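Visitor: So here's final-v3.csv, just CSV, C-alpha atoms:
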```csv
chain,number,residue,atom,x,y,z
A,1,MET,CA,0.0,0.0,0.0
A,2,GLN,CA,2.9,2.3,0.6
A,3,ASN,CA,3.5,2.7,-3.1
A,4,PHE,CA,0.0,4.1,-3.5
A,5,VAL,CA,0.6,6.5,-0.6
A,6,ASN,CA,3.8,7.7,-2.1
A,7,THR,CA,2.2,8.2,-5.5
A,8,PHE,CA,-0.7,10.3,-4.2
A,9,LEU,CA,1.6,12.4,-2.0
A,10,SER,CA,3.8,13.0,-5.1
A,11,ILE,CA,0.7,14.5,-6.9
A,12,PHE,CA,0.4,17.2,-4.2
A,13,ASP,CA,4.2,17.8,-4.4
A,14,ARG,CA,3.9,18.1,-8.2
A,15,CYS,CA,6.6,15.5,-8.7
A,16,TYR,CA,4.4,12.7,-10.0
A,17,ASP,CA,5.4,10.2,-12.7
A,18,ASP,CA,2.5,9.3,-15.0
A,19,ALA,CA,4.2,6.2,-16.2
A,20,ALA,CA,4.6,4.8,-12.7
A,21,PHE,CA,1.1,5.4,-11.5
A,22,PRO,CA,-0.3,2.1,-9.9
A,23,ALA,CA,-3.5,0.4,-10.8
A,24,VAL,CA,-5.7,2.1,-8.3
A,25,ASP,CA,-8.9,0.4,-9.5
A,26,THR,CA,-7.6,-2.8,-7.8
A,27,LEU,CA,-8.3,-1.2,-4.4
A,28,SER,CA,-11.3,-1.6,-2.3
A,29,MET,CA,-13.1,1.5,-1.1
A,30,GLU,CA,-11.8,0.8,2.4
A,31,GLN,CA,-8.2,0.7,1.1
A,32,ALA,CA,-8.7,3.9,-0.9
A,33,TYR,CA,-9.9,5.7,2.2
A,34,ARG,CA,-6.9,4.3,4.1
A,35,ILE,CA,-4.5,5.7,1.5
A,36,GLN,CA,-6.3,9.1,1.7
A,37,ALA,CA,-5.9,9.1,5.4
A,38,ASP,CA,-2.2,8.1,5.3
A,39,VAL,CA,-1.4,10.8,2.7
A,40,ILE,CA,-3.2,13.4,4.9
A,41,GLN,CA,-1.2,12.3,8.0
A,42,GLN,CA,2.1,12.8,6.0
A,43,ARG,CA,0.9,16.2,4.9
A,44,ILE,CA,0.1,17.1,8.6
A,45,ALA,CA,3.6,15.9,9.6
A,46,ARG,CA,5.2,18.4,7.3
A,47,GLY,CA,3.1,21.4,8.6
A,48,GLU,CA,-0.3,21.3,7.0
A,49,SER,CA,-3.5,21.0,9.1
A,50,ILE,CA,-7.1,19.7,8.6
A,51,ALA,CA,-9.5,22.6,8.1
A,52,GLY,CA,-12.6,20.4,7.6
A,53,TYR,CA,-14.1,18.1,5.0
A,54,LYS,CA,-15.5,18.0,1.5
A,55,VAL,CA,-18.2,15.8,0.0
A,56,GLY,CA,-17.9,15.0,-3.7
A,57,CYS,CA,-20.0,13.4,-6.4
A,58,THR,CA,-23.2,14.6,-4.9
A,59,SER,CA,-25.1,15.9,-7.9
A,60,SER,CA,-26.4,14.0,-10.9
A,61,ALA,CA,-24.3,16.3,-13.1
A,62,ILE,CA,-21.1,15.2,-11.4
A,63,GLN,CA,-22.1,11.6,-11.1
A,64,SER,CA,-23.0,11.5,-14.8
A,65,GLN,CA,-19.7,13.2,-15.7
A,66,PHE,CA,-17.7,10.6,-13.8
A,67,GLY,CA,-20.0,7.6,-14.3
A,68,LEU,CA,-20.5,7.2,-10.6
A,69,ASP,CA,-23.6,6.7,-8.4
A,70,GLU,CA,-22.5,7.5,-4.8
A,71,PRO,CA,-20.7,10.4,-3.0
A,72,ILE,CA,-17.2,10.3,-1.5
A,73,TYR,CA,-15.5,12.5,1.1
A,74,GLY,CA,-12.1,14.0,1.7
A,75,ARG,CA,-10.3,16.5,3.8
A,76,VAL,CA,-10.0,20.3,3.3
A,77,MET,CA,-6.5,21.4,4.3
A,78,ASN,CA,-4.7,24.5,5.5
A,79,PRO,CA,-3.0,26.5,4.2
A,80,PHE,CA,-5.1,25.9,1.1
A,81,VAL,CA,-8.2,27.6,2.4
A,82,MET,CA,-8.3,31.3,1.3
A,83,TYR,CA,-10.7,34.0,2.3
A,84,GLY,CA,-12.1,36.6,0.0
A,85,SER,CA,-12.0,37.1,-3.7
A,86,CYS,CA,-8.4,36.6,-4.9
A,87,ASP,CA,-5.9,36.2,-7.8
A,88,LEU,CA,-4.2,32.8,-8.2
A,89,ALA,CA,-1.4,31.6,-10.5
A,90,ILE,CA,-2.7,28.9,-12.9
A,91,HIS,CA,0.6,27.0,-12.7
A,92,GLU,CA,0.0,26.2,-9.1
A,93,PHE,CA,-2.7,23.7,-10.1
A,94,HIS,CA,-2.6,20.6,-12.4
A,95,GLN,CA,-5.3,20.9,-15.1
A,96,PRO,CA,-7.4,23.0,-12.8
A,97,ALA,CA,-11.2,22.8,-12.6
A,98,ILE,CA,-13.7,24.5,-10.3
A,99,GLU,CA,-17.0,24.0,-8.6
A,100,PRO,CA,-19.3,26.4,-6.8
A,101,GLU,CA,-19.7,25.4,-3.2
A,102,PHE,CA,-21.7,26.2,-0.1
A,103,VAL,CA,-19.1,26.7,2.7
A,104,VAL,CA,-20.6,25.5,6.0
A,105,THR,CA,-18.8,26.4,9.3
A,106,ILE,CA,-19.7,24.1,12.1
A,107,GLY,CA,-20.6,25.9,15.3
A,108,LYS,CA,-20.4,23.0,17.8
A,109,THR,CA,-19.2,19.4,17.9
A,110,ILE,CA,-21.6,16.9,16.4
A,111,SER,CA,-20.9,13.7,18.3
A,112,THR,CA,-23.8,11.7,16.9
A,113,PRO,CA,-25.8,12.0,13.7
A,114,PRO,CA,-28.6,14.7,14.1
A,115,GLN,CA,-32.1,13.4,14.2
A,116,SER,CA,-33.6,16.3,12.2
A,117,ASP,CA,-32.8,19.1,9.9
A,118,ASN,CA,-33.4,21.6,12.7
A,119,GLU,CA,-30.9,19.8,14.9
A,120,LEU,CA,-28.3,19.9,12.1
A,121,ILE,CA,-29.0,23.6,11.4
A,122,ASP,CA,-28.5,24.4,15.1
A,123,ALA,CA,-25.0,22.9,14.9
A,124,ILE,CA,-24.0,25.3,12.0
A,125,ASP,CA,-22.4,28.6,12.8
A,126,HIS,CA,-22.7,30.2,9.4
A,127,VAL,CA,-22.7,29.6,5.6
A,128,ALA,CA,-20.6,31.4,3.0
A,129,PRO,CA,-20.2,31.2,-0.8
A,130,GLY,CA,-17.2,29.3,-2.1
A,131,ILE,CA,-15.3,28.0,-5.0
A,132,GLU,CA,-13.5,24.7,-4.8
A,133,ILE,CA,-10.4,24.2,-7.1
A,134,HIS,CA,-9.4,20.7,-8.2
A,135,HIS,CA,-6.3,19.2,-9.7
A,136,TYR,CA,-8.5,17.7,-12.5
A,137,LYS,CA,-6.6,14.7,-13.9
A,138,PHE,CA,-7.2,11.0,-13.5
A,139,TRP,CA,-3.8,9.3,-13.8
A,140,ASN,CA,-5.5,5.9,-14.5
A,141,GLY,CA,-7.4,7.3,-17.4
A,142,THR,CA,-11.0,6.3,-16.8
A,143,PRO,CA,-12.5,7.9,-13.6
A,144,THR,CA,-13.0,5.5,-10.8
A,145,ILE,CA,-14.3,6.0,-7.3
A,146,GLN,CA,-11.1,4.5,-5.8
A,147,GLU,CA,-9.0,7.1,-7.4
A,148,LEU,CA,-11.4,9.9,-6.4
A,149,ILE,CA,-11.2,8.7,-2.8
A,150,ALA,CA,-7.4,8.1,-2.7
A,151,SER,CA,-6.7,11.5,-4.3
A,152,ASN,CA,-8.8,13.3,-1.7
A,153,GLY,CA,-11.5,14.0,-4.2
A,154,LEU,CA,-9.0,15.8,-6.5
A,155,HIS,CA,-9.2,18.6,-4.0
A,156,ALA,CA,-6.6,21.4,-4.3
A,157,SER,CA,-8.0,24.5,-2.6
A,158,VAL,CA,-11.1,26.4,-1.6
A,159,ILE,CA,-11.9,30.1,-1.8
A,160,VAL,CA,-14.3,31.3,0.8
A,161,GLY,CA,-16.4,34.4,0.4
A,162,THR,CA,-16.5,37.0,3.2
A,163,ASN,CA,-20.3,37.2,3.2
A,164,HIS,CA,-21.7,35.1,6.1
A,165,ILE,CA,-25.3,34.0,6.4
A,166,ASP,CA,-27.0,32.4,9.4
A,167,ALA,CA,-27.9,28.8,8.6
A,168,ARG,CA,-31.6,29.4,9.3
A,169,ASP,CA,-31.7,32.1,6.6
A,170,VAL,CA,-30.4,29.8,3.9
A,171,ASP,CA,-32.9,28.3,1.4
A,172,TRP,CA,-31.4,24.8,1.7
A,173,ASP,CA,-33.8,23.5,-1.0
A,174,SER,CA,-34.1,26.2,-3.6
A,175,GLU,CA,-30.9,28.4,-3.4
A,176,GLN,CA,-29.9,29.2,-6.9
A,177,ILE,CA,-26.3,29.0,-8.0
A,178,ARG,CA,-24.7,30.6,-11.0
A,179,VAL,CA,-21.1,30.3,-12.3
A,180,LEU,CA,-19.8,33.2,-14.4
A,181,ASN,CA,-16.6,33.7,-16.4
A,182,HIS,CA,-16.1,37.5,-17.0
A,183,ASN,CA,-19.8,38.0,-16.2
A,184,ASN,CA,-20.9,35.4,-18.8
A,185,GLN,CA,-22.9,32.6,-17.3
A,186,ILE,CA,-21.2,29.2,-17.9
A,187,ALA,CA,-23.1,26.9,-15.5
A,188,ALA,CA,-26.1,27.0,-13.1
A,189,GLY,CA,-27.8,24.8,-10.6
A,190,CYS,CA,-30.0,24.6,-7.6
A,191,ALA,CA,-29.3,23.6,-4.0
A,192,SER,CA,-31.7,20.6,-4.4
A,193,ASP,CA,-29.3,19.2,-7.1
A,194,ILE,CA,-26.9,18.4,-4.2
A,195,MET,CA,-28.3,15.0,-3.0
A,196,GLY,CA,-31.7,16.7,-2.6
A,197,GLY,CA,-30.2,19.6,-0.7
A,198,PRO,CA,-26.8,20.3,1.1
A,199,LEU,CA,-28.3,19.2,4.4
A,200,ARG,CA,-28.6,15.7,3.0
A,201,SER,CA,-25.0,15.8,2.0
A,202,LEU,CA,-23.9,17.0,5.5
A,203,SER,CA,-26.0,14.2,7.1
A,204,TRP,CA,-24.4,11.6,4.9
A,205,LEU,CA,-20.9,12.9,5.9
A,206,ILE,CA,-21.7,13.0,9.6
A,207,SER,CA,-23.1,9.4,9.5
A,208,HIS,CA,-20.0,8.2,7.5
A,209,LEU,CA,-17.6,9.8,9.9
A,210,HIS,CA,-19.5,8.5,12.9
A,211,ALA,CA,-19.4,4.9,11.5
A,212,ASN,CA,-15.6,5.4,11.3
A,213,GLY,CA,-15.2,6.7,14.9
A,214,THR,CA,-14.8,10.4,14.2
A,215,HIS,CA,-17.0,13.5,13.9
A,216,LEU,CA,-17.3,17.1,13.0
A,217,THR,CA,-16.0,19.6,15.6
A,218,GLU,CA,-16.5,23.3,16.3
A,219,GLY,CA,-14.7,25.4,13.6
A,220,ASP,CA,-14.6,22.7,10.9
A,221,ILE,CA,-15.6,23.9,7.5
A,222,VAL,CA,-17.5,21.6,5.2
A,223,ILE,CA,-18.1,21.9,1.5
A,224,PRO,CA,-21.0,19.6,0.8
A,225,GLY,CA,-20.8,19.3,-2.9
A,226,SER,CA,-21.6,21.1,-6.1
A,227,ALA,CA,-24.8,21.6,-8.0
A,228,THR,CA,-22.9,21.8,-11.3
A,229,GLU,CA,-20.4,19.7,-13.2
A,230,LEU,CA,-16.7,20.4,-12.8
A,231,ILE,CA,-15.7,23.3,-15.0
A,232,ARG,CA,-12.2,23.5,-16.5
A,233,VAL,CA,-10.4,26.9,-16.2
A,234,ASP,CA,-7.4,28.5,-17.8
A,235,SER,CA,-5.2,31.5,-17.5
A,236,GLY,CA,-7.1,34.7,-17.9
A,237,ASP,CA,-10.4,33.3,-16.6
A,238,SER,CA,-12.3,35.3,-14.0
A,239,ILE,CA,-14.7,33.0,-12.2
A,240,THR,CA,-17.5,34.1,-10.0
A,241,ALA,CA,-19.7,31.7,-8.0
A,242,SER,CA,-22.9,33.6,-7.3
A,243,PHE,CA,-25.6,32.4,-4.9
A,244,SER,CA,-29.1,33.9,-4.8
A,245,GLY,CA,-29.2,34.2,-1.0
A,246,ILE,CA,-25.7,34.0,0.4
A,247,GLY,CA,-23.6,36.2,-1.9
A,248,ALA,CA,-20.8,35.7,-4.3
A,249,VAL,CA,-17.0,35.1,-4.4
A,250,ARG,CA,-14.6,35.5,-7.3
A,251,VAL,CA,-11.2,34.0,-8.3
A,252,ASN,CA,-9.0,35.3,-11.1
A,253,PHE,CA,-6.6,32.8,-12.7
A,254,GLN,CA,-3.3,34.4,-14.0
```
Hey, can you dump this file as structure tokens for me?

Guide:
Amino acid sequence: MQNFVNTFLSIFDRCYDDAAFPAVDTLSMEQAYRIQADVIQQRIARGESIAGYKVGCTSSAIQSQFGLDEPIYGRVMNPFVMYGSCDLAIHEFHQPAIEPEFVVTIGKTISTPPQSDNELIDAIDHVAPGIEIHHYKFWNGTPTIQELIASNGLHASVIVGTNHIDARDVDWDSEQIRVLNHNNQIAAGCASDIMGGPLRSLSWLISHLHANGTHLTEGDIVIPGSATELIRVDSGDSITASFSGIGAVRVNFQ
């Protein structure tokens, strides 16, 4: 298993060798999550820290894009969480792609799965608009859920808007999401496209973590998945994720 760990760590270090990439589709999902966890531990050992979690493959658009039928989760890492609209160098990412994201900040530890939406909402401190950035390449060619899991959901970074909304003021079912490039709309979706609503995605994550002996704690951020497909970006693009009720955030790629 160590060769898998070394390979996925090398992707984050941008010193990967395409020709030496192992056959990740031979892994079980449990093994893929173990590789993800081992890579995260090595990243922590060299100075990074866990900021929270991401849930991926939550919308029909993404599942159709990847030929999958179930979500996955990964970690969101510091120092790759950035706040406020910003400029980023395109060469810092490998074949970058973006998704618009709700960014949920947890207000108190969730030790057991909530029994209702109200209980879950009570555990949320606030919600902000966000953009997730991915290293969008599958080294084994055809997308597989094993590679998505082991690669930490292709996650590279997340940009968090400065506008904060109380969780009770969010339209968790009907919030409208638009993605624009230089003010031209390139994708759109609705909160309900995310597993029937982001609260469903959060509940799935909490249950999955609980089954594996861990939980969300105060201060964790969670990005519960995108209502749109992944969108490839290039140098010169100016991407805005605009939410009908919680605001907008922008990232310029240079």

Visitor: So which residues touch Ile165 (chain A) within 8 Å, counting all atoms listed in the file, skipping near sequence neighbours fewer than 4 positions away, as JSON, numbers by chain?

Guide: {"A": [126, 127, 128, 169, 170, 246]}

Visitor: Quick one: residues within 8 Å of Ser201 (chain A), only C-alpha atoms counted, chain neighbours fewer than 6 positions away excluded, as number ranges by chain?

Guide: A: 55, 58, 194-195, 224-225

Visitor: Could those selected residues go to a file with C-alpha atoms, as a PDB file, in the coordinates of the input?

Guide:
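For reference, part.pdb as written:
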```pdb
ATOM      1  CA  VAL A  55     -18.200  15.800   0.000  1.00  0.00           C
ATOM      2  CA  THR A  58     -23.200  14.600  -4.900  1.00  0.00           C
ATOM      3  CA  ILE A 194     -26.900  18.400  -4.200  1.00  0.00           C
ATOM      4  CA  MET A 195     -28.300  15.000  -3.000  1.00  0.00           C
ATOM      5  CA  PRO A 224     -21.000  19.600   0.800  1.00  0.00           C
ATOM      6  CA  GLY A 225     -20.800  19.300  -2.900  1.00  0.00           C
TER       7      GLY A 225
END
```

Visitor: Under the rule that only C-alpha atoms are counted, which of A:Leu205, A:Ile231, A:Val103, A:Ala123 is the nearest residue to Thr217 (chain A)?

Guide: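 The shortest atom-to-atom distance to Thr217 (chain A) comes from A:Ala123.
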
Visitor: So which one's closest to Ser192 (chain A), A:Ala89, A:Ala32, A:Val39, A:Ala227? Using all atoms listed in the file, please.

Guide: A:Ala227

Visitor: Hey, what's within 10 Å of region 94-97 of chain A if we count only C-alpha atoms and toss same-chain stuff fewer than 3 positions away? As a list of chain:residue names, please?

Guide: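 Once the nearby chain positions are removed, what remains is A:Ile11, A:Phe12, A:Arg14, A:Ile90, A:His91, A:Glu132, A:Ile133, A:His134, A:His135, A:Tyr136, A:Lys137, A:Leu154, A:His155, A:Ala156, A:Glu229, A:Leu230, A:Ile231, A:Arg232, A:Val233, A:Asp234, A:Ser235, A:Phe253.
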
Visitor: Using all atoms listed in the file, can you tell me which of A:Ser116, A:Gln31, A:Asn212, A:Ser242 comes closest to Leu180 (chain A)?

Guide: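 Using all atoms listed in the file, the shortest distance to Leu180 (chain A) belongs to A:Ser242.
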
Visitor: For region 157-160 of chain A, find every residue with an atom within 12 Å (counting all atoms listed in the file), except residues of its own chain fewer than 4 positions away, and show them as a PyMOL selection string.

Guide: chain A and resi 12+51-54+75-88+92-94+96-105+127-135+152-153+164+221-223+239-241+246-252

Visitor: If you measure from CA of Glu119 (chain A) to CA of Glu218 (chain A), what distance in Å do you get, rounded to one decimal?

Guide: 14.9 Å
